[in-house]
Amino acid sequence: MTRLYQMMSAFNHCTPVLKFIMLLFVLVVFNGCTSSTGQQESTPIQQTDSAQVRQLFMAKCAICHGEDGKLGIANSKDLSVSQLSKDEVIAMIRYGKTTMPPQPALSDEQIESLAEYTLRLRPQ
Ligand code: HEC
């Protein structure tokens with residue numbers, strides 16, 4: 001009986017320690033989760049913001065097409081009179097054509113935003 005009593009008291013003595021360890025474990029796991037989702041939120045830079053799209057257009061397209069799409073450098077077409085659909089413009093930006101360079105480094109989202117930007121250069 002004394003042995004059982006000793007074991008029981010040892011178990012009782014252990015329980016808060018085990019609880020503490022479990023709590024620590026849960027805290028560590030929880031912390032790990034929150035910090036990794038935090039990283040996920042901050043990594044991709046999405047080019048959906050209109051100022052960023054404009055910046056992208058100025059950097060990648062305006063050199064030939066001009067700020068308003070009408071410049072026509074290197075025989076580039078006037079974007080304000082273009083009749084292409086949004087999908088055709090997306091393909092145009094992605095793959096290029098004749099002297100217009102392809103844009104393999106841009107994400108699908110960036111290309112779509114640029115296509116929408118290009119369509120807005122047409123008289124509404
Ligand atoms: C080096 C000059 C150059 C750059 C930079 C350039 N383009 Fe072009 N773009 C052209 C030329 C040249 C054409 C005409 C291609 C053809 O039809 O042969 C063209 C055609 C287009 C057309 C099709 C117009 C039509 O109605 O046929 C679109 C849309 C367009 N460009 C959008 C863009 C966008 C958006 C960018 C930036 C990502 C860009 N271009 C960058 C030269 C350029």
# chains A, B, ... in the order shown; residues from 1 in each chain; ligands from 1

call {"tool": "residues_around", "arguments": {"residues": "stretch 48-52 of chain A", "least_positions_apart": "2", "cutoff": "10 Å", "atoms": "only C-alpha atoms", "output": "VMD selection string"}}
result
chain A and resid 45 to 46 54 to 58 109 to 110 112 to 114 117

call {"tool": "closest_atom_pairs", "arguments": {"of": "chain A", "to": "ligand 1", "cutoff": "9 Å", "atoms": "only C-alpha atoms and all ligand atoms", "output": "tab-separated table"}}
result
residue	atom	partner	partner_atom_place_in_ligand_line	distance
A:Leu56	CA	ligand 1	38 (C)	7.6
A:Phe57	CA	ligand 1	37 (C)	5.6
A:Met58	CA	ligand 1	37 (C)	8.1
A:Ala59	CA	ligand 1	37 (C)	7.9
A:Lys60	CA	ligand 1	37 (C)	4.6
A:Cys61	CA	ligand 1	37 (C)	3.4
A:Ala62	CA	ligand 1	5 (C)	6.8
A:Ile63	CA	ligand 1	5 (C)	5.7
A:Cys64	CA	ligand 1	2 (C)	4.3
A:His65	CA	ligand 1	7 (N)	6.2
A:Gly69	CA	ligand 1	32 (C)	8.2
A:Gly72	CA	ligand 1	42 (C)	7.8
A:Ile73	CA	ligand 1	2 (C)	6.7
A:Ala74	CA	ligand 1	12 (C)	5.5
A:Asn75	CA	ligand 1	12 (C)	4.7
A:Ser76	CA	ligand 1	11 (C)	3.3
A:Lys77	CA	ligand 1	14 (C)	4.9
A:Asp78	CA	ligand 1	24 (C)	6.6
A:Leu79	CA	ligand 1	24 (C)	5.5
A:Ser80	CA	ligand 1	26 (O)	8.4
A:Val81	CA	ligand 1	26 (O)	6.9
A:Ser82	CA	ligand 1	26 (O)	3.6
A:Gln83	CA	ligand 1	26 (O)	5.4
A:Leu84	CA	ligand 1	26 (O)	5.3
A:Ser85	CA	ligand 1	29 (C)	8.8
A:Lys86	CA	ligand 1	29 (C)	8.5
A:Glu88	CA	ligand 1	29 (C)	7.6
A:Val89	CA	ligand 1	29 (C)	4.5
A:Ile90	CA	ligand 1	29 (C)	7.6
A:Ala91	CA	ligand 1	29 (C)	8.8
A:Met92	CA	ligand 1	28 (C)	6.0
A:Ile93	CA	ligand 1	38 (C)	5.3
A:Arg94	CA	ligand 1	38 (C)	8.0
A:Gly96	CA	ligand 1	8 (Fe)	7.2
A:Lys97	CA	ligand 1	15 (C)	5.0
A:Thr98	CA	ligand 1	18 (O)	4.9
A:Thr99	CA	ligand 1	12 (C)	4.6
A:Met100	CA	ligand 1	42 (C)	3.7
A:Pro101	CA	ligand 1	1 (C)	5.9
A:Pro102	CA	ligand 1	38 (C)	7.8
A:Gln103	CA	ligand 1	38 (C)	6.6
A:Leu106	CA	ligand 1	38 (C)	8.8
A:Ile111	CA	ligand 1	38 (C)	7.4
A:Leu114	CA	ligand 1	35 (C)	5.5
A:Ala115	CA	ligand 1	35 (C)	5.9
A:Glu116	CA	ligand 1	35 (C)	8.9
A:Tyr117	CA	ligand 1	35 (C)	7.8
A:Thr118	CA	ligand 1	35 (C)	5.9
A:Leu119	CA	ligand 1	29 (C)	7.9

call {"tool": "select_by_dssp", "arguments": {"residues": "stretch 49-104 of chain A", "states": "helix (DSSP H, G or I)", "output": "VMD selection string"}}
result
chain A and resid 50 to 60 62 to 65 73 to 75 79 to 81 86 to 95
